[in-house]
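A.B. asks: Quick one: structure below, then a few questions.
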Amino acid sequence: MQRPTVSSSFAGRHTPTAAAAASAEPELGSNPSSSFAAAADSSMASLIERATSTTAPAVDPAILRAIKSSARASDGAIRDAFRLLLSLMSKPHSHVRLLAFSIADELFMRSKLFRSLLADALDGFLPLAVGFRRAHPLPPPTASAALLRKAAVQALERWHHLFGAHYRQLRLAVEYLKVSARVQFPVLRATVEARAAREARTQEILAAKVEQLRGNLASIKDEIRSTMDEIRNGLEIIRADYEKFEGYGNDDDAEEEIASLSMRSIRMASLMAGEWVPETQENEAVFDALREAYRLLVSKHLVTVKEWISVLIRVDLPDNRFRDSALKEFIDIKNEIRAVRDRCTELGLNLDNVRRRKGDQEEEDDEFWVEGNIEAPSPARVQSSVDVASTSRDTGKGKRVVGGEKSDIGKSPMAANGTRNLDPEKSKLFAEAPVVPWSSVLDRWGSSGDAHVNQRGLELDSHWGRVDNDAVIPAAKIAELNVHSSVYREAPVEILPCHAPLKKGGLCQRRDLKVCPFHGSIVPRDAEGNPIEQHGGSSGAEVDPVEQCDTTGNSNELNGNSDGDYVEEASSSRMTDLSNDDYGSTVGTHDLGKITVEQLVRQAIKNVRKRDMDHKALERAQRQRIRQHNEDVLREAAIASTSHSAAAYEQPPEARGRGRRGKTKAPTLASMLKKKITTKDRIAERLLNTRATDATIREASHIEDMSYREAFPNQW
Amino acid sequence: MWLEEVRGRERGELRARRFEAAARARRAASLALSNRKEFATPHHGAVSSLQVDLTEGRYLLSGASDGSAAVFDVWNATEYETGFIAKHRHILLVDKQHQNGHKFAISAAVWYPVDTGLFVTASFDQYVKVWDTNSTQVVMDFKMPGKVFTAAMSPIATTHMLIATGSADVQVRLCDIASGAFTHTLSGHRDGIMSLEWSASSEWVLMSGGCDGAIRFWDIRRAGCFRVLDQSQSQLGRRSPLLKSTTENDHINSIGPSASTRSLAQKRTGNSKKNSPTMRKGQNLIHGHMQQRLHPGLSSSQNRATSHYGAVTGLRTTKDGMYLLSSGSDSRLRLWDIDSGCNTLVNFEAMRLQTGKPLQLAVTEDPSLVFVPCMASIKAYNLWSGTTFRTFRGHYELVNCCYYSEQDQELYTGSNDRQILVWSPSTPAFTEMEDDEKRHGLSAADEDNWSD
């Protein structure tokens, strides 16, 4: 087979391991079923040897069965097994230990003799399995080590639970690991039991609830339906009223409120856009009823429906027919409620806020008490009432601001602007007013009085100790607090493009501050790219940047004032600092012989480039071939390995033999020890000192435990 | 065999003492980690000292490195877990929260040998405190010049109540409970004293092992130490050779007033006084007759003989007071003949011992076995042959102390993993019977379970 050299070395490097694997595995592969018929071969030593010399994640069940049956046969076999397993557990390979431990676990659960043997040696056995001694951590393959540790801790807890009463050593080990070595034990058992109990209790409660529901499902439905009907009717009425109202025109109140025509048009537009129906004296009653019904619907009915749905989903009844039907009905009801609610919000009825209306009235009542009576917590209202407070206009104005806001919060500034625009003087001032970013300073813009500490009117009595409601902040302090600061922002500087002419046409569009890496320092240029201060357009105007460098270099060489060891593939970066000024000077001095020299040089360069290109292409093709071959090899290896584990028995023996001898690289125990360093490892290595590493390992194992617990709640 | 002995006893062929000794020995030989009995440790640190009271043999006193000392009832369990596991909780605990509690680790906790009304704790906070057991109050305390490593009271004393204390200071101090003062300051060691042991045969003789590797014998009625054990001075066998003893009278003169040779020693007291300086001079002067104008007690302080390379970490006499066992930081265990002061050259098999801490050894009463804390395990050696009889494994960290209770033939061990383990004679027949009764209450029976 013709191979590129690289791949042959690649294959050759792996032959020893492949051979080792081949020597380790053949018996395993050649015995497809559990019939380890070769009686001579079924001694405990060879069985355990075979079981633990694989890289498989678990012991082959067939071998395990053979081990168990031969262990059952005689006490001597168990003693042999114990001795062997103990020696295997001390191997510096976590995977071997893992397999040995799983066999030991099987035997421990079954044989009393094995139990007593292992209990006596438990103090030597455990450090090898759990690796809790700092001086002797578990050996290399970290994945296996983690598995081993987890398996050991779990097995130990199981042993302790089952046989702890009979073996002081087990109790001692568990206590030592828990208390002194601080090994995290999965408290799976306790949690599982607790969870089961909790589950049963909730199921009971849920079942009772469903029984209750069975009785009053109809009444619940009726109630909800009636509320929804009420809302629908209310909406209809409002709708009808409004149409009437529109046709009848603007009443006086509105006239008074909306002083200007432009304001009114804006307002009308906004109203139309939102399909919003204003609340007036006439339809107030309807609104109230609507609000109440809406509140009932959202805060009570929707919640109950949701609760019932969750109850029905969680409940586990023997007869699910009622549950299904009820669930379906509830889901329908929920959708209906949602539809009604959406319709309300769509109409812009801000029905959520029931207090709002009441608040308005209160405000009107308490109009005389102007300063600092901010009742409602909503920010919009705070703003508006502050406005009221500071400007202290007449009531009409205050009302208007509030009214304008009621339409839409977003509209309010515009409305305010509209009113301000009326005053020509004000508009003039407005034009020259500085624009400052919004801050709390604006709240008190221009006012120089004292301010109450408790500006918001919060009732702090008996919350934070004694409260002085009349406490004021002196004006000087406020001024101090309001000192305006802003972050300096640099004026953006426009960086001019280089604009040097390119060979392929066009101008260089690089924007560098001072020096373009290709064309030297940036100088002002005209439309063709010629420097404005510099005289005469040079012939190198169309030169490609790199080539330009080369020519410059060449001219340098010809000039004789530069170093003689000029290489043609000199990097452009090296040349950049020289290029432009040199260029200018050489161009000036060597005007005469320039054409010929330059042409020669260019030709030479072209030749060299061409050769270079050919070389590169060749190389690329070569690399492509190698890569192709490597892929082939890898694919074959992959196919071979899968067939080895999964479909080895179906394959004809000669095919398998060839595969093993040839390219199959079955993983070996030794290969597991080789550390695969990933980027993460490297970063972790660098970042963490030893203590941190320990902490992360503990954390990781803990997380693993947690995830295991989540994944297999019924096993432990 | 057991029945055989019973029958022999019935027929009167077997003396009562022999019968008893055989039973004890058999039980001692079958020690194993007890599943039926466990102490719930209240300590949060390494258990460094254990002792069962000498009067009743019922209360176990433990001292731990978190400054706590606890008393357990060895006989009566506070509760039974899963029907048959006797759990012994502490019936008394003094720790740092106690108003007079020790601030630092307790290095030794010993019972007052006469009754259980008092116990003594020695701590690294440089205090030795005497506690009233019933009121758990400190009745007396002694301030020492350094960390106190060990404290000991003579188990056979009838005429004095002295607490011998060894500290980081070079002097052994004897604290008198009766007067509340130091009565003796025994100087001679060149480094701190790690271990102390009163003779089991004479209430006046105290043995001390120091960090300088020397073991010194003190007669508290006289000034100075009267013997320094030398590891190079050895004899073969358990007894000092008879022939040698006749020829080397000088040698035997140095015998302290031990039970077996008391009459002899008393006869030769005058002689011994005269000759002692010559032999104390050490190595090559045993036969020399160089007279020195030195006080006989003081002269011994110039003897630089060592019994261990490094510190002597533990001392234990046998019950009969004839032999002394010493452990050193050179990981050696040596058996000394107290009579002759010679190393008996028993080669205890390879062991590895803790070096920086006082160790508490234990010997069975016959004496046939010695229990030595060897790192995380306890090894039982045959006292006369030095062969390993058994290794007790069960602790997860270094073992500091062990105590063999003669009365129950139980071994208690304390370790850095805070546990106090009970090793009791295994009685399989008894276990089986009780198992059958209790089986119903158990989560899983301990028997084979082959499903496939």
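Chain labels A, B, ... are given in the sequence in which chains occur in the structure tokens; within each chain residues are numbered consecutively from 1, and ligands are likewise numbered from 1 in the order shown.
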Please identify all polymer residues within 10 Å of Ser154 (chain B), counting only C-alpha atoms, omitting same-chain residues fewer than 5 positions from it, and present them as an NGL selection string.

C.D. replies: :B and (112-114 or 160-164 or 197-206)

A.B. asks: Select all residues from chain A having any atom no more than 9 Å from an atom of chain B (counting only C-alpha atoms, ignoring ligands), output as a list of chain:residue names.

C.D. replies: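 Contact residues on the first chain: A:Arg65, A:Lys68, A:Ser69, A:Arg72, A:Met109, A:Arg110, A:Ser111, A:Lys112, A:Leu113, A:Arg115, A:Asp120, A:Ala121, A:Leu122, A:Asp123, A:Gly124, A:His161, A:Leu162, A:Phe163, A:Ala165, A:His166, A:Tyr167, A:Arg168, A:Gln169, A:Leu172, A:Ala173, A:Tyr176, A:Ser180.
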
A.B. asks: Could those residues be written to a file, using N, CA, C and O atoms, as a short mmCIF file (atom, residue, chain, number, x, y, z; two decimals), in the first residue's frame?

C.D. replies:
data_model
loop_
_atom_site.label_atom_id
_atom_site.label_comp_id
_atom_site.auth_asym_id
_atom_site.auth_seq_id
_atom_site.Cartn_x
_atom_site.Cartn_y
_atom_site.Cartn_z
N ARG A 65 -20.57 -13.18 35.92
CA ARG A 65 -21.38 -14.34 36.31
C ARG A 65 -20.48 -15.56 36.56
O ARG A 65 -20.68 -16.31 37.51
N LYS A 68 -18.81 -15.16 39.83
CA LYS A 68 -19.71 -15.42 40.94
C LYS A 68 -19.96 -16.91 41.11
O LYS A 68 -19.94 -17.43 42.23
N SER A 69 -20.15 -17.56 39.98
CA SER A 69 -20.46 -18.99 40.11
C SER A 69 -19.26 -19.76 40.65
O SER A 69 -19.40 -20.68 41.45
N ARG A 72 -18.94 -19.05 44.31
CA ARG A 72 -19.96 -19.73 45.10
C ARG A 72 -19.55 -21.17 45.39
O ARG A 72 -19.94 -21.76 46.41
N MET A 109 -21.71 -8.30 48.55
CA MET A 109 -23.15 -8.37 48.76
C MET A 109 -23.62 -9.82 48.91
O MET A 109 -24.73 -10.07 49.36
N ARG A 110 -22.78 -10.77 48.47
CA ARG A 110 -23.27 -12.14 48.41
C ARG A 110 -22.63 -13.07 49.44
O ARG A 110 -23.31 -13.88 50.03
N SER A 111 -21.33 -12.92 49.60
CA SER A 111 -20.64 -13.92 50.40
C SER A 111 -20.31 -13.41 51.79
O SER A 111 -19.75 -12.33 51.95
N LYS A 112 -20.65 -14.19 52.77
CA LYS A 112 -20.34 -13.80 54.14
C LYS A 112 -18.84 -13.87 54.39
O LYS A 112 -18.28 -13.01 55.06
N LEU A 113 -18.23 -14.87 53.83
CA LEU A 113 -16.79 -15.02 54.01
C LEU A 113 -16.07 -13.81 53.44
O LEU A 113 -15.16 -13.25 54.07
N ARG A 115 -17.23 -10.91 53.01
CA ARG A 115 -17.51 -9.76 53.87
C ARG A 115 -16.56 -9.73 55.04
O ARG A 115 -15.97 -8.70 55.36
N ASP A 120 -12.06 -7.04 57.65
CA ASP A 120 -10.81 -7.01 58.40
C ASP A 120 -9.76 -6.16 57.70
O ASP A 120 -8.89 -5.59 58.34
N ALA A 121 -9.85 -6.09 56.38
CA ALA A 121 -8.85 -5.33 55.63
C ALA A 121 -9.39 -3.99 55.17
O ALA A 121 -8.81 -3.34 54.32
N LEU A 122 -10.51 -3.60 55.76
CA LEU A 122 -11.19 -2.41 55.23
C LEU A 122 -10.35 -1.15 55.37
O LEU A 122 -10.40 -0.26 54.53
N ASP A 123 -9.55 -1.09 56.43
CA ASP A 123 -8.78 0.14 56.62
C ASP A 123 -7.69 0.30 55.58
O ASP A 123 -7.24 1.40 55.31
N GLY A 124 -7.29 -0.80 54.98
CA GLY A 124 -6.35 -0.68 53.88
C GLY A 124 -7.04 -0.55 52.54
O GLY A 124 -6.53 0.06 51.61
N HIS A 161 -25.54 0.22 55.41
CA HIS A 161 -26.96 0.11 55.71
C HIS A 161 -27.35 -1.35 55.91
O HIS A 161 -28.12 -1.68 56.82
N LEU A 162 -26.81 -2.21 55.07
CA LEU A 162 -27.24 -3.61 55.11
C LEU A 162 -26.53 -4.40 56.19
O LEU A 162 -27.14 -5.18 56.91
N PHE A 163 -25.22 -4.20 56.29
CA PHE A 163 -24.44 -5.09 57.15
C PHE A 163 -23.74 -4.36 58.28
O PHE A 163 -22.94 -4.94 58.98
N ALA A 165 -24.59 -3.46 61.10
CA ALA A 165 -24.81 -3.98 62.45
C ALA A 165 -23.87 -5.14 62.74
O ALA A 165 -23.57 -5.42 63.89
N HIS A 166 -23.40 -5.80 61.70
CA HIS A 166 -22.58 -6.99 61.92
C HIS A 166 -21.10 -6.69 61.88
O HIS A 166 -20.30 -7.51 62.28
N TYR A 167 -20.75 -5.57 61.33
CA TYR A 167 -19.33 -5.29 61.16
C TYR A 167 -19.01 -3.93 61.74
O TYR A 167 -19.40 -2.91 61.21
N ARG A 168 -18.30 -3.95 62.83
CA ARG A 168 -17.85 -2.73 63.46
C ARG A 168 -17.00 -1.92 62.49
O ARG A 168 -17.04 -0.70 62.45
N GLN A 169 -16.24 -2.64 61.67
CA GLN A 169 -15.33 -1.96 60.75
C GLN A 169 -16.10 -1.06 59.78
O GLN A 169 -15.65 0.02 59.43
N LEU A 172 -17.27 1.93 61.59
CA LEU A 172 -16.11 2.77 61.83
C LEU A 172 -15.70 3.52 60.57
O LEU A 172 -15.42 4.72 60.60
N ALA A 173 -15.69 2.79 59.46
CA ALA A 173 -15.28 3.40 58.20
C ALA A 173 -16.22 4.53 57.83
O ALA A 173 -15.78 5.62 57.45
N TYR A 176 -15.72 7.41 60.12
CA TYR A 176 -14.47 8.10 59.87
C TYR A 176 -14.56 8.96 58.61
O TYR A 176 -14.17 10.12 58.60
N SER A 180 -14.32 12.54 60.01
CA SER A 180 -12.93 12.97 60.02
C SER A 180 -12.43 13.32 58.64
O SER A 180 -11.81 14.35 58.45
#

A.B. asks: Interatomic distance between CA of Phe125 (chain A) and CA of Met89 (chain A)?

C.D. replies: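 CA of Phe125 (chain A) sits 7.5 Å away from CA of Met89 (chain A).
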
A.B. asks: So the first atom is CA of Arg190 (chain B) and the second is CA of Val170 (chain B); what is the distance between them in Å, to one decimal place?

C.D. replies: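 So the answer is 5.8 Å.
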
A.B. asks: Quick one: residues within 10 Å of Asp366 (chain B), only C-alpha atoms, excluding same-chain residues fewer than 6 positions away - as a list in words?

C.D. replies: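 Non-adjacent residues within range: Ala21, Ala22, Arg24, Ala25, Thr318, Lys319, Asp320 and Glu406 of chain B.
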
A.B. asks: Can you list, as a PyMOL selection string, every residue of region 10-248 of chain B that DSSP puts in strand (DSSP E)?

C.D. replies: chain B and resi 31-33+37-39+47-52+59-64+69-73+79-81+85-88+90-94+106-111+118-123+127-132+137-143+148-153+162-167+172-176+181-186+193-198+205-210+215-219+225-228

A.B. asks: Mind pulling up the distance from CA of Ser144 (chain A) to CA of Ile677 (chain A)?

C.D. replies: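 We find that CA of Ile677 (chain A) and CA of Ser144 (chain A) lie 16.0 Å from each other.
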